[in-house]
Each structure stands twice: as C-alpha cells, then as structure tokens.
Amino acid sequence: MPELPEVETIRRGLEPVLEGVHICDVDVRRKDLRFPFPPGFAAKIKGRRVLSVSRRAKYLLIALDDGQVLVSHLGMSGSWRVDEWASGNSFEYPRSGKPAHDHFVMQAGRGGNMFRITYNDPRRFGFLLLCHASELESHPLICKLGIEPMGNMLSGDFLQSAFANKSAPLKSALLDQRIIAGLGNIYVCEALWRAGLSPMRKSAMLASPDMQAKIAASKLADAIRGVIADAIAAGGSHLRDYVQTDGALGYFQHSFSVYGREKLPCPQCGTPVKRIVQAGRSTFYCENCQM
DNA sequence: CGGCATACCTGCAAGC
DNA sequence: TGCTTGCAGGTATGCC
C-alpha cells in the first residue's frame with residue numbers, strides 16, 4: 001500500500017500525537033512480522049519517551065529518549081492507527097470490535113490524554129525494529145538507500161549520471177531503491193507518464209550527452225518531484241485533526257493518470273492505457289504519449 | 001556484477 | 001451463492 005507519499009502522510013499524522021508522549025505499555029502480539037521480534041523488544045520500548053517522528057525513504061523513524069530509534073516499514077499492507085481516550089478510563093474498542101491483524105500496540109500518555117498507537121498489517125510484509133541512532137546510517141536496510149526524491153539531489157544531471165551504462169528499462173531503474181529511495185510502482189508509472197517517457201526505454205538512453213537526453217532527464221526529475229509533491233498534498237488534505245487512521249492513498253488515488261487504468265482513455269490523448277508486466281510488476285502507460 | 005523471477009502472506013474482486 | 005484463480009502499492013534472495 002504505502003509508497004513514500006503515504007509514509008510521509010502517516011508521519012505527519014503521527015508526529016503531533018507521538019512527540020513527547022511517555023510510552024507506558026507495549027504489547028507485541030506475534031512472534032514475528034516479516035522478521036522475528038528480538039527478545040526483549042517490548043521491554044526496550046516500555047517507559048521511554050518519544051522525541052521525534054521522521055522518515056527516510058519509506059521508513060518511519062520514531063526516536064526515543066534513550067538514543068534508540070523504532071524503525072517501521074509498512075511493507076504492502078501496514079498501517080498505524082491512533083485511538084485516544086480519557087485518562088482514568090480503560091480503553092474500549094468501538095462497537096465494531098477489535099480489528100483483525102493488530103500486531104503491535106503501544107499505550108502512551110501526555111498530560112491528561114491517553115493514546116493507543118497500533119500497528120496493523122494483514123499481509124505482514126512490514127516490520128518493526130530497534131536500532132541505535134548512531135548506527136542507523138550504517139544499518140544494512142538503510143545504508144544502501146539512494147537519494148530522497150523530495151530532496152535537492154534529484155535533478156536531470158543526477159539521473160543522467162545514475163543511469164549511465166544502465167541497460168535496465170526506466171521502469172526498473174526508478175524502482176531501484178539504491179538510486180532513488182521511496183518510489184514504488186504507482187508513482188513510477190505516474191512520473192513516466194508525466195515525463196512522456198516510455199517505461200521500456202533503456203535507462204542509458206537518458207544519459208547520452210545530447211540535448212534531447214538532457215531535456216528528457218530534466219523532465220523526468222521534475223515529473224518525479226511533482227508527482228510525489230502532489231500525492232503528499234492530497235494525502236495531507238486527508239488528515240483529520242492529528243490522527244491519520246490508516247495508510248490509505250488519500251484523495252490522490254482519484255487523480256491517477258495511468259496507474260490502474262488499463263483500457264481507460266489517457267487523460268492527455270484519449271488512447272486506451274496499456275498494461276504490461278515488467279520484472280513481475282504491472283506497468284501502466286500510454287503508448288501514444290510516452291516514447 | 002546486473003537484471004530478472006521468485007518467495008513471503010492475506011484479502012479481495014472477478015470469473016465460473 | 002460458493003468456489004477457484006489471479007492480483008495487489010515492497011523487499012530480500014538466489015539464479016543466470
């Protein structure tokens with residue numbers, strides 16, 4: 001479910017709830033998600049205070065007051081939910097009952113407010129781990145990540161040097177987290193459509209020194225930045241108060257140009273959108289607009 | 001090494 | 001209606 005814009009939206013929802021809370025109870029309800037929980041996982045979190053909620057690529061980073069960082073990756077179906085209730089009462093689930101697949105629950109308080117912060121993940125491709133802040137950058141899952149698509153590094157020049165000599169199609173290269181970290185299947189499809197570039201184009205074609213390639217690379221960088229910014233803006237508009245209750249795509253899913261729109265008309269030219277499979281993943285594109 | 005298929009797991013929609 | 005099938009937004013692994 002979540003690509004970078006969804007993770008950023010969840011981060012913005014969690015930040016005002018979590019910052020400063022005292023974690024008074026932690027409940028780990030499975031022995032594993034994608035990875036096994038290490039022994040003592042809950043005990044290392046219990047009693048801590050949350051300093052900040054940040055993000056690197058699709059990873060949520062919850063910094064604790066003893067130097068540990070709770071790292072959360074949502075996989076395909078993970079989400080965080082916050083329930084608030086009045087201090088002094090015990091928590092009660094709404095009448096609809098306890099949701100399935102709540103795997104990790106923290107109870108936390110700040111002032112007179114009590115929060116229950118729950119990680120839910122039906123497919124269990126996500127994971128939670130603890131890492132010391134000083135070792136985060138060298139963590140095997142983090143250290144190979146490429147640049148942030150919202151950061152200053154992303155430019156036509158960057159793409160030209162990153163794609164030089166790469167034989168992989170643009171679709172695969174953009175999904176490669178070691179180059180740009182945080183793009184997933186949806187936003188790669190959308191960015192390529194905005195840039196008017198075929199997902200099958202060899203990446204190296206963008207790296208040639210001629211003006212045409214330079215323009216295409218720069219257009220692609222702008223398209224990536226734009227599609228991510230638009231999706232975050234749409235996700236942000238989905239925030240209610242301080243709580244983002246799930247990892248839904250917000251309103252941006254209503255403005256996909258090609259993703260999930262096989263046989264529907266291209267918004268630009270009306271040609272039916274094509275679906276193909278590349279490296280085992282669906283690719284949606286317009287064969288008329290994307291060359 | 002790069003690039004691709006596969007595995008992990010559950011839920012859901014489409015098709016019969 | 002109820003079953004089967006295929007597909008899903010991510011990442012690590014192993015194979016060529």
# chains A, B, ... in the order shown; residues from 1 in each chain; ligands from 1
$ interface_residues --of "chain A" --to "chain C" --cutoff "9 Å" --atoms "only C-alpha atoms (C1' of nucleotides)" --output "ChimeraX atom specification"
/A:1-3,74-77,125-126,184-186
$ interface_residues --of "chain B" --to "chain A" --cutoff "10 Å" --atoms "only C-alpha atoms (C1' of nucleotides)" --output "number ranges by chain"
B: 2-6, 8-11
$ write_last_selection --atoms "N, CA, C and O atoms (P, O5', C5', C4', C3', O3' and C1' of nucleotides)" --output "CSV table (one decimal), in the first residue's frame"
chain,number,residue,atom,x,y,z
B,2,DG,P,26.0,-3.8,-10.4
B,2,DG,O5',25.2,-4.4,-11.6
B,2,DG,C5',25.6,-4.1,-12.9
B,2,DG,C4',24.5,-4.7,-13.8
B,2,DG,C3',23.1,-4.2,-13.6
B,2,DG,O3',22.5,-4.0,-14.8
B,2,DG,C1',23.2,-6.5,-13.2
B,3,DG,P,21.0,-3.4,-14.9
B,3,DG,O5',20.1,-4.7,-15.0
B,3,DG,C5',20.1,-5.5,-16.2
B,3,DG,C4',19.2,-6.7,-16.0
B,3,DG,C3',17.8,-6.3,-15.6
B,3,DG,O3',16.9,-7.0,-16.4
B,3,DG,C1',18.7,-7.9,-14.1
B,4,DC,P,15.4,-6.7,-16.5
B,4,DC,O5',14.7,-8.1,-16.0
B,4,DC,C5',15.1,-9.3,-16.7
B,4,DC,C4',14.8,-10.4,-15.8
B,4,DC,C3',13.4,-10.4,-15.2
B,4,DC,O3',12.6,-11.4,-15.8
B,4,DC,C1',15.0,-11.0,-13.5
B,5,DA,P,11.1,-11.6,-15.5
B,5,DA,O5',11.1,-12.8,-14.4
B,5,DA,C5',11.8,-14.0,-14.7
B,5,DA,C4',11.8,-15.0,-13.6
B,5,DA,C3',10.4,-15.2,-12.9
B,5,DA,O3',10.3,-16.6,-12.6
B,5,DA,C1',11.9,-14.3,-11.3
B,6,DT,P,9.0,-17.2,-12.1
B,6,DT,O5',9.3,-17.2,-10.5
B,6,DT,C5',10.5,-17.9,-10.0
B,6,DT,C4',10.7,-17.7,-8.5
B,6,DT,C3',9.4,-17.9,-7.7
B,6,DT,O3',9.6,-18.9,-6.8
B,6,DT,C1',10.5,-15.9,-7.1
B,8,DC,P,7.6,-19.3,0.4
B,8,DC,O5',7.2,-18.1,1.3
B,8,DC,C5',8.1,-17.5,2.2
B,8,DC,C4',7.7,-16.1,2.6
B,8,DC,C3',6.2,-16.0,3.0
B,8,DC,O3',6.1,-16.2,4.4
B,8,DC,C1',6.9,-14.1,1.7
B,9,DC,P,5.0,-17.2,5.0
B,9,DC,O5',3.7,-16.3,4.9
B,9,DC,C5',3.5,-15.2,5.7
B,9,DC,C4',2.3,-14.4,5.3
B,9,DC,C3',1.0,-15.2,5.1
B,9,DC,O3',0.2,-15.1,6.3
B,9,DC,C1',1.2,-13.6,3.4
B,10,DT,P,-1.2,-15.8,6.4
B,10,DT,O5',-2.2,-14.7,5.8
B,10,DT,C5',-2.3,-13.5,6.5
B,10,DT,C4',-3.2,-12.5,5.7
B,10,DT,C3',-4.6,-13.0,5.5
B,10,DT,O3',-5.4,-11.9,6.0
B,10,DT,C1',-3.6,-12.3,3.4
B,11,DG,P,-7.0,-12.0,6.0
B,11,DG,O5',-7.3,-11.1,4.7
B,11,DG,C5',-6.9,-9.8,4.6
B,11,DG,C4',-7.4,-9.1,3.4
B,11,DG,C3',-8.9,-9.4,3.1
B,11,DG,O3',-9.4,-8.2,2.6
B,11,DG,C1',-7.6,-10.2,1.3
$ residues_around --residues "A:Phe158" --least-positions-apart "2" --cutoff "10 Å" --atoms "only C-alpha atoms (C1' of nucleotides)" --output "list in words"
Ile147, Met153, Leu154, Ser155, Gly156, Gln160, Ser161, Ala162, Phe163, Ile179, Ala207, Ala217, Ser218 and Ala221 of chain A
$ closest_residue --among "A:Val17, A:Ala164, A:Val7, A:Met291" --to "A:Met200" --atoms "only C-alpha atoms"
A:Met291
$ select_by_dssp --residues "stretch 129-280 of chain A" --states "alpha helix (DSSP H)" --output "PyMOL selection string"
chain A and resi 133-136+156-163+170-175+185-195+211-236
$ select_by_dssp --residues "stretch 19-212 of chain A" --states "strand (DSSP E or B)" --output "PDB file with N, CA, C and O atoms, in the first residue's frame"
ATOM      1  N   HIS A  22       4.833   9.655  26.725  1.00  0.00           N
ATOM      2  CA  HIS A  22       5.506   8.659  27.563  1.00  0.00           C
ATOM      3  C   HIS A  22       4.859   7.310  27.272  1.00  0.00           C
ATOM      4  O   HIS A  22       3.638   7.162  27.386  1.00  0.00           O
ATOM      5  N   ILE A  23       5.672   6.344  26.845  1.00  0.00           N
ATOM      6  CA  ILE A  23       5.122   5.036  26.474  1.00  0.00           C
ATOM      7  C   ILE A  23       5.012   4.186  27.738  1.00  0.00           C
ATOM      8  O   ILE A  23       6.022   3.782  28.308  1.00  0.00           O
ATOM      9  N   CYS A  24       3.796   3.941  28.170  1.00  0.00           N
ATOM     10  CA  CYS A  24       3.641   3.249  29.451  1.00  0.00           C
ATOM     11  C   CYS A  24       3.405   1.759  29.284  1.00  0.00           C
ATOM     12  O   CYS A  24       3.584   0.993  30.223  1.00  0.00           O
ATOM     13  N   ASP A  25       3.021   1.332  28.098  1.00  0.00           N
ATOM     14  CA  ASP A  25       2.821  -0.105  27.913  1.00  0.00           C
ATOM     15  C   ASP A  25       3.040  -0.483  26.449  1.00  0.00           C
ATOM     16  O   ASP A  25       2.706   0.294  25.548  1.00  0.00           O
ATOM     17  N   VAL A  26       3.605  -1.669  26.234  1.00  0.00           N
ATOM     18  CA  VAL A  26       3.875  -2.145  24.874  1.00  0.00           C
ATOM     19  C   VAL A  26       3.429  -3.595  24.776  1.00  0.00           C
ATOM     20  O   VAL A  26       3.768  -4.414  25.622  1.00  0.00           O
ATOM     21  N   ASP A  27       2.659  -3.885  23.745  1.00  0.00           N
ATOM     22  CA  ASP A  27       2.126  -5.234  23.572  1.00  0.00           C
ATOM     23  C   ASP A  27       2.524  -5.760  22.196  1.00  0.00           C
ATOM     24  O   ASP A  27       2.084  -5.241  21.172  1.00  0.00           O
ATOM     25  N   VAL A  28       3.394  -6.775  22.181  1.00  0.00           N
ATOM     26  CA  VAL A  28       3.784  -7.424  20.929  1.00  0.00           C
ATOM     27  C   VAL A  28       2.966  -8.699  20.813  1.00  0.00           C
ATOM     28  O   VAL A  28       3.104  -9.601  21.614  1.00  0.00           O
ATOM     29  N   ASP A  32       6.537 -12.711  15.201  1.00  0.00           N
ATOM     30  CA  ASP A  32       7.237 -12.123  14.055  1.00  0.00           C
ATOM     31  C   ASP A  32       6.286 -11.329  13.176  1.00  0.00           C
ATOM     32  O   ASP A  32       5.067 -11.475  13.233  1.00  0.00           O
ATOM     33  N   PRO A  36      11.458 -11.889  12.802  1.00  0.00           N
ATOM     34  CA  PRO A  36      11.072 -12.149  14.194  1.00  0.00           C
ATOM     35  C   PRO A  36      11.362 -10.932  15.067  1.00  0.00           C
ATOM     36  O   PRO A  36      12.345 -10.218  14.831  1.00  0.00           O
ATOM     37  N   ARG A  49      10.277   7.842  26.299  1.00  0.00           N
ATOM     38  CA  ARG A  49       9.540   8.997  25.810  1.00  0.00           C
ATOM     39  C   ARG A  49       9.910   9.181  24.341  1.00  0.00           C
ATOM     40  O   ARG A  49      11.038   8.910  23.941  1.00  0.00           O
ATOM     41  N   VAL A  50       8.962   9.613  23.531  1.00  0.00           N
ATOM     42  CA  VAL A  50       9.229   9.807  22.106  1.00  0.00           C
ATOM     43  C   VAL A  50       9.775  11.206  21.871  1.00  0.00           C
ATOM     44  O   VAL A  50       9.186  12.193  22.321  1.00  0.00           O
ATOM     45  N   LEU A  51      10.897  11.276  21.173  1.00  0.00           N
ATOM     46  CA  LEU A  51      11.489  12.585  20.869  1.00  0.00           C
ATOM     47  C   LEU A  51      10.982  13.148  19.550  1.00  0.00           C
ATOM     48  O   LEU A  51      10.667  14.326  19.448  1.00  0.00           O
ATOM     49  N   SER A  52      10.938  12.305  18.520  1.00  0.00           N
ATOM     50  CA  SER A  52      10.565  12.829  17.203  1.00  0.00           C
ATOM     51  C   SER A  52      10.090  11.695  16.298  1.00  0.00           C
ATOM     52  O   SER A  52      10.352  10.530  16.558  1.00  0.00           O
ATOM     53  N   VAL A  53       9.399  12.066  15.241  1.00  0.00           N
ATOM     54  CA  VAL A  53       8.952  11.111  14.225  1.00  0.00           C
ATOM     55  C   VAL A  53       9.443  11.626  12.876  1.00  0.00           C
ATOM     56  O   VAL A  53       8.986  12.659  12.403  1.00  0.00           O
ATOM     57  N   SER A  54      10.398  10.907  12.288  1.00  0.00           N
ATOM     58  CA  SER A  54      10.906  11.354  10.997  1.00  0.00           C
ATOM     59  C   SER A  54      10.786  10.227   9.980  1.00  0.00           C
ATOM     60  O   SER A  54      10.172   9.189  10.256  1.00  0.00           O
ATOM     61  N   ARG A  55      11.358  10.433   8.811  1.00  0.00           N
ATOM     62  CA  ARG A  55      11.194   9.476   7.722  1.00  0.00           C
ATOM     63  C   ARG A  55      12.455   9.424   6.881  1.00  0.00           C
ATOM     64  O   ARG A  55      13.117  10.444   6.670  1.00  0.00           O
ATOM     65  N   ARG A  56      12.819   8.232   6.443  1.00  0.00           N
ATOM     66  CA  ARG A  56      13.867   8.080   5.437  1.00  0.00           C
ATOM     67  C   ARG A  56      13.313   7.125   4.397  1.00  0.00           C
ATOM     68  O   ARG A  56      12.983   5.979   4.729  1.00  0.00           O
ATOM     69  N   TYR A  59      10.777   4.408   5.240  1.00  0.00           N
ATOM     70  CA  TYR A  59      10.918   4.018   6.635  1.00  0.00           C
ATOM     71  C   TYR A  59      10.475   5.140   7.567  1.00  0.00           C
ATOM     72  O   TYR A  59      10.894   6.291   7.393  1.00  0.00           O
ATOM     73  N   LEU A  60       9.642   4.799   8.533  1.00  0.00           N
ATOM     74  CA  LEU A  60       9.295   5.733   9.607  1.00  0.00           C
ATOM     75  C   LEU A  60      10.311   5.559  10.723  1.00  0.00           C
ATOM     76  O   LEU A  60      10.641   4.430  11.099  1.00  0.00           O
ATOM     77  N   LEU A  61      10.791   6.650  11.272  1.00  0.00           N
ATOM     78  CA  LEU A  61      11.804   6.603  12.318  1.00  0.00           C
ATOM     79  C   LEU A  61      11.271   7.304  13.562  1.00  0.00           C
ATOM     80  O   LEU A  61      11.074   8.521  13.570  1.00  0.00           O
ATOM     81  N   ILE A  62      11.032   6.524  14.601  1.00  0.00           N
ATOM     82  CA  ILE A  62      10.499   7.075  15.846  1.00  0.00           C
ATOM     83  C   ILE A  62      11.631   7.093  16.864  1.00  0.00           C
ATOM     84  O   ILE A  62      12.056   6.045  17.359  1.00  0.00           O
ATOM     85  N   ALA A  63      12.153   8.296  17.133  1.00  0.00           N
ATOM     86  CA  ALA A  63      13.314   8.431  18.024  1.00  0.00           C
ATOM     87  C   ALA A  63      12.869   8.430  19.471  1.00  0.00           C
ATOM     88  O   ALA A  63      11.946   9.155  19.851  1.00  0.00           O
ATOM     89  N   LEU A  64      13.546   7.618  20.283  1.00  0.00           N
ATOM     90  CA  LEU A  64      13.216   7.516  21.712  1.00  0.00           C
ATOM     91  C   LEU A  64      14.280   8.236  22.542  1.00  0.00           C
ATOM     92  O   LEU A  64      15.385   8.513  22.058  1.00  0.00           O
ATOM     93  N   GLN A  68      17.598   5.121  21.226  1.00  0.00           N
ATOM     94  CA  GLN A  68      17.109   4.108  20.291  1.00  0.00           C
ATOM     95  C   GLN A  68      16.170   4.750  19.274  1.00  0.00           C
ATOM     96  O   GLN A  68      15.551   5.773  19.542  1.00  0.00           O
ATOM     97  N   VAL A  69      16.054   4.088  18.119  1.00  0.00           N
ATOM     98  CA  VAL A  69      15.084   4.501  17.116  1.00  0.00           C
ATOM     99  C   VAL A  69      14.213   3.296  16.783  1.00  0.00           C
ATOM    100  O   VAL A  69      14.731   2.210  16.490  1.00  0.00           O
ATOM    101  N   LEU A  70      12.905   3.483  16.869  1.00  0.00           N
ATOM    102  CA  LEU A  70      11.973   2.442  16.434  1.00  0.00           C
ATOM    103  C   LEU A  70      11.753   2.654  14.942  1.00  0.00           C
ATOM    104  O   LEU A  70      11.215   3.672  14.520  1.00  0.00           O
ATOM    105  N   VAL A  71      12.228   1.692  14.156  1.00  0.00           N
ATOM    106  CA  VAL A  71      12.152   1.794  12.699  1.00  0.00           C
ATOM    107  C   VAL A  71      10.959   0.983  12.228  1.00  0.00           C
ATOM    108  O   VAL A  71      10.828  -0.189  12.575  1.00  0.00           O
ATOM    109  N   SER A  72      10.094   1.615  11.450  1.00  0.00           N
ATOM    110  CA  SER A  72       8.883   0.945  10.978  1.00  0.00           C
ATOM    111  C   SER A  72       8.828   0.979   9.459  1.00  0.00           C
ATOM    112  O   SER A  72       8.927   2.035   8.850  1.00  0.00           O
ATOM    113  N   HIS A  73       8.717  -0.196   8.883  1.00  0.00           N
ATOM    114  CA  HIS A  73       8.446  -0.275   7.441  1.00  0.00           C
ATOM    115  C   HIS A  73       7.091  -0.925   7.254  1.00  0.00           C
ATOM    116  O   HIS A  73       6.786  -1.930   7.876  1.00  0.00           O
ATOM    117  N   SER A  79      -0.231  -0.339   8.455  1.00  0.00           N
ATOM    118  CA  SER A  79      -0.780   0.983   8.754  1.00  0.00           C
ATOM    119  C   SER A  79      -0.663   1.235  10.259  1.00  0.00           C
ATOM    120  O   SER A  79      -0.557   0.304  11.054  1.00  0.00           O
ATOM    121  N   TRP A  80      -0.664   2.493  10.631  1.00  0.00           N
ATOM    122  CA  TRP A  80      -0.683   2.890  12.035  1.00  0.00           C
ATOM    123  C   TRP A  80      -2.024   3.529  12.340  1.00  0.00           C
ATOM    124  O   TRP A  80      -2.586   4.241  11.489  1.00  0.00           O
ATOM    125  N   ARG A  81      -2.512   3.263  13.523  1.00  0.00           N
ATOM    126  CA  ARG A  81      -3.799   3.816  13.922  1.00  0.00           C
ATOM    127  C   ARG A  81      -3.638   4.392  15.314  1.00  0.00           C
ATOM    128  O   ARG A  81      -2.933   3.827  16.156  1.00  0.00           O
ATOM    129  N   VAL A  82      -4.262   5.520  15.554  1.00  0.00           N
ATOM    130  CA  VAL A  82      -4.219   6.124  16.885  1.00  0.00           C
ATOM    131  C   VAL A  82      -5.634   6.222  17.434  1.00  0.00           C
ATOM    132  O   VAL A  82      -6.524   6.745  16.769  1.00  0.00           O
ATOM    133  N   ASP A  83      -5.842   5.679  18.617  1.00  0.00           N
ATOM    134  CA  ASP A  83      -7.105   5.857  19.331  1.00  0.00           C
ATOM    135  C   ASP A  83      -6.793   6.650  20.587  1.00  0.00           C
ATOM    136  O   ASP A  83      -5.812   6.385  21.265  1.00  0.00           O
ATOM    137  N   GLU A  84      -7.636   7.626  20.862  1.00  0.00           N
ATOM    138  CA  GLU A  84      -7.428   8.450  22.045  1.00  0.00           C
ATOM    139  C   GLU A  84      -8.566   8.195  23.020  1.00  0.00           C
ATOM    140  O   GLU A  84      -9.697   7.953  22.608  1.00  0.00           O
ATOM    141  N   TRP A  85      -8.241   8.200  24.301  1.00  0.00           N
ATOM    142  CA  TRP A  85      -9.327   8.101  25.264  1.00  0.00           C
ATOM    143  C   TRP A  85      -8.972   8.864  26.522  1.00  0.00           C
ATOM    144  O   TRP A  85      -7.811   9.232  26.725  1.00  0.00           O
ATOM    145  N   ALA A  86      -9.960   9.113  27.350  1.00  0.00           N
ATOM    146  CA  ALA A  86      -9.747   9.941  28.530  1.00  0.00           C
ATOM    147  C   ALA A  86      -8.954   9.193  29.590  1.00  0.00           C
ATOM    148  O   ALA A  86      -9.199   8.012  29.842  1.00  0.00           O
ATOM    149  N   ASP A 102      -4.064  -6.523  14.314  1.00  0.00           N
ATOM    150  CA  ASP A 102      -3.337  -5.558  15.148  1.00  0.00           C
ATOM    151  C   ASP A 102      -2.176  -6.319  15.800  1.00  0.00           C
ATOM    152  O   ASP A 102      -2.386  -7.126  16.695  1.00  0.00           O
ATOM    153  N   HIS A 103      -0.947  -6.051  15.358  1.00  0.00           N
ATOM    154  CA  HIS A 103       0.178  -6.888  15.805  1.00  0.00           C
ATOM    155  C   HIS A 103       1.021  -6.253  16.899  1.00  0.00           C
ATOM    156  O   HIS A 103       1.725  -6.946  17.623  1.00  0.00           O
ATOM    157  N   PHE A 104       0.966  -4.941  16.984  1.00  0.00           N
ATOM    158  CA  PHE A 104       1.857  -4.236  17.907  1.00  0.00           C
ATOM    159  C   PHE A 104       1.111  -3.017  18.447  1.00  0.00           C
ATOM    160  O   PHE A 104       0.607  -2.217  17.665  1.00  0.00           O
ATOM    161  N   VAL A 105       1.025  -2.918  19.766  1.00  0.00           N
ATOM    162  CA  VAL A 105       0.230  -1.846  20.371  1.00  0.00           C
ATOM    163  C   VAL A 105       1.039  -1.146  21.459  1.00  0.00           C
ATOM    164  O   VAL A 105       1.609  -1.804  22.331  1.00  0.00           O
ATOM    165  N   MET A 106       1.084   0.170  21.373  1.00  0.00           N
ATOM    166  CA  MET A 106       1.722   0.954  22.436  1.00  0.00           C
ATOM    167  C   MET A 106       0.648   1.787  23.118  1.00  0.00           C
ATOM    168  O   MET A 106      -0.194   2.391  22.443  1.00  0.00           O
ATOM    169  N   GLN A 107       0.698   1.822  24.440  1.00  0.00           N
ATOM    170  CA  GLN A 107      -0.166   2.728  25.173  1.00  0.00           C
ATOM    171  C   GLN A 107       0.714   3.865  25.665  1.00  0.00           C
ATOM    172  O   GLN A 107       1.799   3.632  26.205  1.00  0.00           O
ATOM    173  N   ALA A 108       0.237   5.086  25.468  1.00  0.00           N
ATOM    174  CA  ALA A 108       1.092   6.218  25.792  1.00  0.00           C
ATOM    175  C   ALA A 108       0.265   7.364  26.323  1.00  0.00           C
ATOM    176  O   ALA A 108      -0.926   7.472  26.032  1.00  0.00           O
ATOM    177  N   GLY A 109       0.901   8.206  27.102  1.00  0.00           N
ATOM    178  CA  GLY A 109       0.180   9.334  27.659  1.00  0.00           C
ATOM    179  C   GLY A 109       0.991  10.620  27.600  1.00  0.00           C
ATOM    180  O   GLY A 109       2.222  10.610  27.539  1.00  0.00           O
ATOM    181  N   ARG A 110       0.271  11.719  27.592  1.00  0.00           N
ATOM    182  CA  ARG A 110       0.894  13.041  27.660  1.00  0.00           C
ATOM    183  C   ARG A 110      -0.132  13.984  28.262  1.00  0.00           C
ATOM    184  O   ARG A 110      -1.229  14.115  27.725  1.00  0.00           O
ATOM    185  N   ASN A 113      -4.028  13.182  28.422  1.00  0.00           N
ATOM    186  CA  ASN A 113      -4.509  12.401  27.282  1.00  0.00           C
ATOM    187  C   ASN A 113      -3.824  11.041  27.213  1.00  0.00           C
ATOM    188  O   ASN A 113      -2.618  10.943  27.404  1.00  0.00           O
ATOM    189  N   MET A 114      -4.614  10.030  26.916  1.00  0.00           N
ATOM    190  CA  MET A 114      -4.071   8.693  26.719  1.00  0.00           C
ATOM    191  C   MET A 114      -4.249   8.299  25.261  1.00  0.00           C
ATOM    192  O   MET A 114      -5.295   8.561  24.665  1.00  0.00           O
ATOM    193  N   PHE A 115      -3.230   7.671  24.710  1.00  0.00           N
ATOM    194  CA  PHE A 115      -3.289   7.237  23.317  1.00  0.00           C
ATOM    195  C   PHE A 115      -2.971   5.751  23.219  1.00  0.00           C
ATOM    196  O   PHE A 115      -2.133   5.239  23.961  1.00  0.00           O
ATOM    197  N   ARG A 116      -3.638   5.109  22.298  1.00  0.00           N
ATOM    198  CA  ARG A 116      -3.284   3.735  21.939  1.00  0.00           C
ATOM    199  C   ARG A 116      -2.821   3.783  20.488  1.00  0.00           C
ATOM    200  O   ARG A 116      -3.569   4.202  19.604  1.00  0.00           O
ATOM    201  N   ILE A 117      -1.570   3.408  20.270  1.00  0.00           N
ATOM    202  CA  ILE A 117      -0.958   3.539  18.954  1.00  0.00           C
ATOM    203  C   ILE A 117      -0.703   2.133  18.431  1.00  0.00           C
ATOM    204  O   ILE A 117       0.074   1.376  19.005  1.00  0.00           O
ATOM    205  N   THR A 118      -1.378   1.791  17.348  1.00  0.00           N
ATOM    206  CA  THR A 118      -1.443   0.396  16.916  1.00  0.00           C
ATOM    207  C   THR A 118      -0.872   0.222  15.516  1.00  0.00           C
ATOM    208  O   THR A 118      -1.216   0.967  14.602  1.00  0.00           O
ATOM    209  N   TYR A 119      -0.009  -0.785  15.355  1.00  0.00           N
ATOM    210  CA  TYR A 119       0.464  -1.168  14.031  1.00  0.00           C
ATOM    211  C   TYR A 119      -0.353  -2.360  13.551  1.00  0.00           C
ATOM    212  O   TYR A 119      -0.398  -3.394  14.204  1.00  0.00           O
ATOM    213  N   ASN A 120      -0.991  -2.186  12.397  1.00  0.00           N
ATOM    214  CA  ASN A 120      -1.837  -3.219  11.805  1.00  0.00           C
ATOM    215  C   ASN A 120      -1.251  -3.615  10.452  1.00  0.00           C
ATOM    216  O   ASN A 120      -0.831  -2.750   9.683  1.00  0.00           O
ATOM    217  N   PHE A 127       7.645  -4.509   8.929  1.00  0.00           N
ATOM    218  CA  PHE A 127       8.411  -4.936  10.097  1.00  0.00           C
ATOM    219  C   PHE A 127       8.708  -3.746  10.994  1.00  0.00           C
ATOM    220  O   PHE A 127       8.597  -2.580  10.588  1.00  0.00           O
ATOM    221  N   LEU A 128       9.078  -4.068  12.218  1.00  0.00           N
ATOM    222  CA  LEU A 128       9.495  -3.073  13.206  1.00  0.00           C
ATOM    223  C   LEU A 128      10.828  -3.535  13.746  1.00  0.00           C
ATOM    224  O   LEU A 128      11.025  -4.723  13.976  1.00  0.00           O
ATOM    225  N   LEU A 129      11.741  -2.611  13.932  1.00  0.00           N
ATOM    226  CA  LEU A 129      12.995  -2.992  14.570  1.00  0.00           C
ATOM    227  C   LEU A 129      13.531  -1.818  15.364  1.00  0.00           C
ATOM    228  O   LEU A 129      13.140  -0.671  15.150  1.00  0.00           O
ATOM    229  N   LEU A 130      14.427  -2.130  16.278  1.00  0.00           N
ATOM    230  CA  LEU A 130      15.068  -1.106  17.093  1.00  0.00           C
ATOM    231  C   LEU A 130      16.526  -0.999  16.687  1.00  0.00           C
ATOM    232  O   LEU A 130      17.185  -1.999  16.435  1.00  0.00           O
ATOM    233  N   CYS A 131      17.001   0.232  16.631  1.00  0.00           N
ATOM    234  CA  CYS A 131      18.368   0.466  16.212  1.00  0.00           C
ATOM    235  C   CYS A 131      18.840   1.716  16.949  1.00  0.00           C
ATOM    236  O   CYS A 131      18.054   2.634  17.173  1.00  0.00           O
ATOM    237  N   HIS A 132      20.102   1.741  17.341  1.00  0.00           N
ATOM    238  CA  HIS A 132      20.584   2.956  17.975  1.00  0.00           C
ATOM    239  C   HIS A 132      20.775   4.044  16.924  1.00  0.00           C
ATOM    240  O   HIS A 132      21.197   3.769  15.804  1.00  0.00           O
ATOM    241  N   ILE A 147      18.953   8.514  -3.079  1.00  0.00           N
ATOM    242  CA  ILE A 147      18.572   9.870  -2.677  1.00  0.00           C
ATOM    243  C   ILE A 147      17.066   9.979  -2.437  1.00  0.00           C
ATOM    244  O   ILE A 147      16.278   9.168  -2.918  1.00  0.00           O
ATOM    245  N   PRO A 169      15.394  -1.154 -18.144  1.00  0.00           N
ATOM    246  CA  PRO A 169      14.406  -0.160 -18.584  1.00  0.00           C
ATOM    247  C   PRO A 169      14.173   0.889 -17.500  1.00  0.00           C
ATOM    248  O   PRO A 169      14.412   0.634 -16.312  1.00  0.00           O
ATOM    249  N   ILE A 180      17.031   6.043  -6.372  1.00  0.00           N
ATOM    250  CA  ILE A 180      16.107   6.967  -5.703  1.00  0.00           C
ATOM    251  C   ILE A 180      15.308   6.124  -4.719  1.00  0.00           C
ATOM    252  O   ILE A 180      14.743   5.097  -5.101  1.00  0.00           O
ATOM    253  N   LYS A 202      15.491   2.126 -22.515  1.00  0.00           N
ATOM    254  CA  LYS A 202      16.710   1.788 -21.787  1.00  0.00           C
ATOM    255  C   LYS A 202      17.171   3.012 -20.998  1.00  0.00           C
ATOM    256  O   LYS A 202      17.229   4.124 -21.539  1.00  0.00           O
TER     257      LYS A 202
END
